[in-house]
$ cat input.pdb   # PDB, C-alpha atoms
ATOM      1  CA  MET A   1       3.698 -10.793 -22.604
ATOM      2  CA  VAL A   2       1.523  -9.240 -19.898
ATOM      3  CA  ILE A   3       0.435 -12.648 -18.607
ATOM      4  CA  LYS A   4       4.027 -13.846 -18.476
ATOM      5  CA  GLU A   5       5.109 -10.712 -16.557
ATOM      6  CA  SER A   6       2.130 -11.072 -14.205
ATOM      7  CA  LYS A   7       2.995 -14.697 -13.444
ATOM      8  CA  LYS A   8       6.606 -13.680 -12.803
ATOM      9  CA  HIS A   9       5.493 -10.887 -10.461
ATOM     10  CA  LEU A  10       3.292 -13.307  -8.514
ATOM     11  CA  ALA A  11       6.080 -15.884  -8.316
ATOM     12  CA  ASP A  12       8.634 -13.247  -7.270
ATOM     13  CA  ASN A  13       6.323 -12.242  -4.429
ATOM     14  CA  ASN A  14       5.345 -15.808  -3.560
ATOM     15  CA  MET A  15       1.628 -15.054  -3.898
ATOM     16  CA  THR A  16      -1.319 -16.568  -5.676
ATOM     17  CA  TYR A  17      -3.476 -14.338  -7.859
ATOM     18  CA  TRP A  18      -6.102 -13.964  -5.126
ATOM     19  CA  GLU A  19      -3.556 -13.376  -2.364
ATOM     20  CA  HIS A  20      -2.089 -10.606  -4.495
ATOM     21  CA  PHE A  21      -5.542  -9.234  -5.301
ATOM     22  CA  ILE A  22      -6.504  -9.026  -1.623
ATOM     23  CA  PHE A  23      -3.134  -7.532  -0.659
ATOM     24  CA  ALA A  24      -3.381  -4.887  -3.394
ATOM     25  CA  PHE A  25      -7.011  -4.139  -2.500
ATOM     26  CA  MET A  26      -6.194  -3.664   1.183
ATOM     27  CA  PHE A  27      -3.189  -1.522   0.287
ATOM     28  CA  MET A  28      -5.494   0.623  -1.865
ATOM     29  CA  ILE A  29      -7.915   1.024   1.064
ATOM     30  CA  GLU A  30      -5.037   2.188   3.292
ATOM     31  CA  CYS A  31      -3.985   4.694   0.623
ATOM     32  CA  LEU A  32      -7.551   6.002   0.324
ATOM     33  CA  LYS A  33      -7.695   6.492   4.101
ATOM     34  CA  MET A  34      -4.458   8.479   3.850
ATOM     35  CA  VAL A  35      -5.946  10.628   1.077
ATOM     36  CA  LEU A  36      -9.049  11.346   3.149
ATOM     37  CA  ALA A  37      -6.921  12.251   6.160
ATOM     38  CA  LEU A  38      -4.834  14.570   3.987
ATOM     39  CA  ILE A  39      -7.932  16.305   2.638
ATOM     40  CA  VAL A  40      -9.160  16.941   6.182
ATOM     41  CA  HIS A  41      -5.661  18.034   7.244
ATOM     42  CA  MET A  42      -5.456  20.395   4.278
ATOM     43  CA  PHE A  43      -8.469  22.340   5.571
ATOM     44  CA  ILE A  44      -7.928  21.833   9.306
ATOM     45  CA  PRO A  45      -4.183  21.471   9.975
ATOM     46  CA  ALA A  46      -4.739  20.427  13.600
ATOM     47  CA  PHE A  47      -6.400  17.163  12.452
ATOM     48  CA  PHE A  48      -4.411  14.132  11.306
ATOM     49  CA  VAL A  49      -1.112  15.937  11.846
ATOM     50  CA  LYS A  50       1.062  12.833  11.403
ATOM     51  CA  TYR A  51      -1.369  10.177  10.238
ATOM     52  CA  SER A  52      -0.435  10.080   6.555
ATOM     53  CA  SER A  53       3.301  10.458   7.072
ATOM     54  CA  ASP A  54       3.259   7.693   9.701
ATOM     55  CA  LYS A  55       1.231   5.427   7.405
ATOM     56  CA  THR A  56       3.581   6.149   4.488
ATOM     57  CA  LEU A  57       6.561   5.075   6.598
ATOM     58  CA  GLU A  58       4.704   1.948   7.770
ATOM     59  CA  ASN A  59       3.845   1.021   4.186
ATOM     60  CA  ALA A  60       7.414   1.615   3.002
ATOM     61  CA  LYS A  61       8.743  -0.607   5.802
ATOM     62  CA  MET A  62       6.240  -3.346   4.954
ATOM     63  CA  ILE A  63       7.214  -3.269   1.271
ATOM     64  CA  GLU A  64      10.923  -3.351   2.129
ATOM     65  CA  GLU A  65      10.339  -6.389   4.346
ATOM     66  CA  MET A  66       8.402  -8.133   1.583
ATOM     67  CA  GLU A  67      11.151  -7.415  -0.947
ATOM     68  CA  SER A  68      13.847  -8.790   1.358
ATOM     69  CA  LYS A  69      12.138 -12.208   1.556
TER      70      LYS A  69
END
$ encode --input "input.pdb" --output "structure tokens"
Amino acid sequence: MVIKESKKHLADNNMTYWEHFIFAFMFMIECLKMVLALIVHMFIPAFFVKYSSDKTLENAKMIEEMESK
């Protein structure tokens, strides 16, 4: 069942396993950078004032564009 759903997800997104792996890995790295920026911002509000919110909007736009294809 999981393999069938995984193959469907890959086909729906027109990606190979490794393309998906690299995309997901890079997306994770971007999310980790946002987390680190938020931790710094939490202690020093003057740093990274809009970084994470801007990145969140960029990521949402990218996902919307991928879903519309």
$ closest_residue --input "input.pdb" --among "A:Leu10, A:Phe47, A:Asp54, A:Lys69" --to "Phe23 (chain A)" --atoms "all atoms listed in the file"
A:Leu10
$ closest_residue --input "input.pdb" --among "A:Ala37, A:Ala24, A:Ile3, A:Ala11" --to "Ile63 (chain A)" --atoms "only C-alpha atoms"
A:Ala24
$ atom_distance --input "input.pdb" --atom1 "CA of Cys31 (chain A)" --atom2 "CA of Met66 (chain A)"
17.9 Å
$ closest_residue --input "input.pdb" --among "A:Glu30, A:Glu19, A:Glu5, A:Asp12" --to "Tyr51 (chain A)" --atoms "all atoms listed in the file"
A:Glu30
$ closest_residue --input "input.pdb" --among "A:Glu64, A:Met28, A:Lys50, A:Pro45" --to "Asn13 (chain A)" --atoms "only C-alpha atoms"
A:Glu64
$ residues_around --input "input.pdb" --residues "Met34 (chain A)" --least-positions-apart "5" --cutoff "9 Å" --atoms "all atoms listed in the file" --output "ChimeraX atom specification"
/A:29,39,51-53,55-56
$ axis_aligned_box --input "input.pdb" --around "region 37-52 of chain A" --padding-each-side "4 Å" --output "lines of an AutoDock Vina configuration file"
center_x = -4.0
center_y = 16.2
center_z = 8.1
size_x = 18.2
size_y = 20.3
size_z = 19.0
$ atom_distance --input "input.pdb" --atom1 "CA of Val2 (chain A)" --atom2 "CA of Lys61 (chain A)"
28.1 Å
$ build_atoms --input "input.pdb" --residues "region 41-60 of chain A" --atoms "N, CA and C atoms" --output "PDB file, in the frame of the given file"
ATOM      1  N   HIS A  41      -6.818  17.295   6.732  1.00  0.00           N
ATOM      2  CA  HIS A  41      -5.661  18.034   7.244  1.00  0.00           C
ATOM      3  C   HIS A  41      -5.408  19.312   6.435  1.00  0.00           C
ATOM      4  N   MET A  42      -5.663  19.244   5.144  1.00  0.00           N
ATOM      5  CA  MET A  42      -5.456  20.395   4.278  1.00  0.00           C
ATOM      6  C   MET A  42      -6.333  21.582   4.740  1.00  0.00           C
ATOM      7  N   PHE A  43      -7.562  21.284   5.142  1.00  0.00           N
ATOM      8  CA  PHE A  43      -8.469  22.340   5.571  1.00  0.00           C
ATOM      9  C   PHE A  43      -8.348  22.664   7.058  1.00  0.00           C
ATOM     10  N   ILE A  44      -8.044  21.646   7.855  1.00  0.00           N
ATOM     11  CA  ILE A  44      -7.928  21.833   9.306  1.00  0.00           C
ATOM     12  C   ILE A  44      -6.599  21.220   9.742  1.00  0.00           C
ATOM     13  N   PRO A  45      -5.521  21.996   9.704  1.00  0.00           N
ATOM     14  CA  PRO A  45      -4.183  21.471   9.975  1.00  0.00           C
ATOM     15  C   PRO A  45      -4.011  20.772  11.320  1.00  0.00           C
ATOM     16  N   ALA A  46      -4.869  21.058  12.288  1.00  0.00           N
ATOM     17  CA  ALA A  46      -4.739  20.427  13.600  1.00  0.00           C
ATOM     18  C   ALA A  46      -5.193  18.962  13.584  1.00  0.00           C
ATOM     19  N   PHE A  47      -5.919  18.548  12.555  1.00  0.00           N
ATOM     20  CA  PHE A  47      -6.400  17.163  12.452  1.00  0.00           C
ATOM     21  C   PHE A  47      -5.435  16.328  11.621  1.00  0.00           C
ATOM     22  N   PHE A  48      -5.242  15.099  12.037  1.00  0.00           N
ATOM     23  CA  PHE A  48      -4.411  14.132  11.306  1.00  0.00           C
ATOM     24  C   PHE A  48      -3.014  14.684  11.014  1.00  0.00           C
ATOM     25  N   VAL A  49      -2.407  15.269  12.014  1.00  0.00           N
ATOM     26  CA  VAL A  49      -1.112  15.937  11.846  1.00  0.00           C
ATOM     27  C   VAL A  49      -0.038  14.990  11.310  1.00  0.00           C
ATOM     28  N   LYS A  50       0.015  13.760  11.830  1.00  0.00           N
ATOM     29  CA  LYS A  50       1.062  12.833  11.403  1.00  0.00           C
ATOM     30  C   LYS A  50       0.522  11.542  10.801  1.00  0.00           C
ATOM     31  N   TYR A  51      -0.765  11.435  10.677  1.00  0.00           N
ATOM     32  CA  TYR A  51      -1.369  10.177  10.238  1.00  0.00           C
ATOM     33  C   TYR A  51      -0.806   9.685   8.904  1.00  0.00           C
ATOM     34  N   SER A  52      -0.860  10.514   7.887  1.00  0.00           N
ATOM     35  CA  SER A  52      -0.435  10.080   6.555  1.00  0.00           C
ATOM     36  C   SER A  52       1.066   9.842   6.465  1.00  0.00           C
ATOM     37  N   SER A  53       1.847  10.676   7.118  1.00  0.00           N
ATOM     38  CA  SER A  53       3.301  10.458   7.072  1.00  0.00           C
ATOM     39  C   SER A  53       3.669   9.184   7.829  1.00  0.00           C
ATOM     40  N   ASP A  54       3.003   8.932   8.959  1.00  0.00           N
ATOM     41  CA  ASP A  54       3.259   7.693   9.701  1.00  0.00           C
ATOM     42  C   ASP A  54       2.857   6.468   8.875  1.00  0.00           C
ATOM     43  N   LYS A  55       1.701   6.539   8.226  1.00  0.00           N
ATOM     44  CA  LYS A  55       1.231   5.427   7.405  1.00  0.00           C
ATOM     45  C   LYS A  55       2.159   5.200   6.211  1.00  0.00           C
ATOM     46  N   THR A  56       2.657   6.273   5.612  1.00  0.00           N
ATOM     47  CA  THR A  56       3.581   6.149   4.488  1.00  0.00           C
ATOM     48  C   THR A  56       4.838   5.413   4.916  1.00  0.00           C
ATOM     49  N   LEU A  57       5.374   5.761   6.086  1.00  0.00           N
ATOM     50  CA  LEU A  57       6.561   5.075   6.598  1.00  0.00           C
ATOM     51  C   LEU A  57       6.264   3.606   6.906  1.00  0.00           C
ATOM     52  N   GLU A  58       5.091   3.336   7.481  1.00  0.00           N
ATOM     53  CA  GLU A  58       4.704   1.948   7.770  1.00  0.00           C
ATOM     54  C   GLU A  58       4.615   1.138   6.480  1.00  0.00           C
ATOM     55  N   ASN A  59       3.994   1.719   5.460  1.00  0.00           N
ATOM     56  CA  ASN A  59       3.845   1.021   4.186  1.00  0.00           C
ATOM     57  C   ASN A  59       5.199   0.780   3.530  1.00  0.00           C
ATOM     58  N   ALA A  60       6.078   1.766   3.585  1.00  0.00           N
ATOM     59  CA  ALA A  60       7.414   1.615   3.002  1.00  0.00           C
ATOM     60  C   ALA A  60       8.176   0.498   3.709  1.00  0.00           C
TER      61      ALA A  60
END
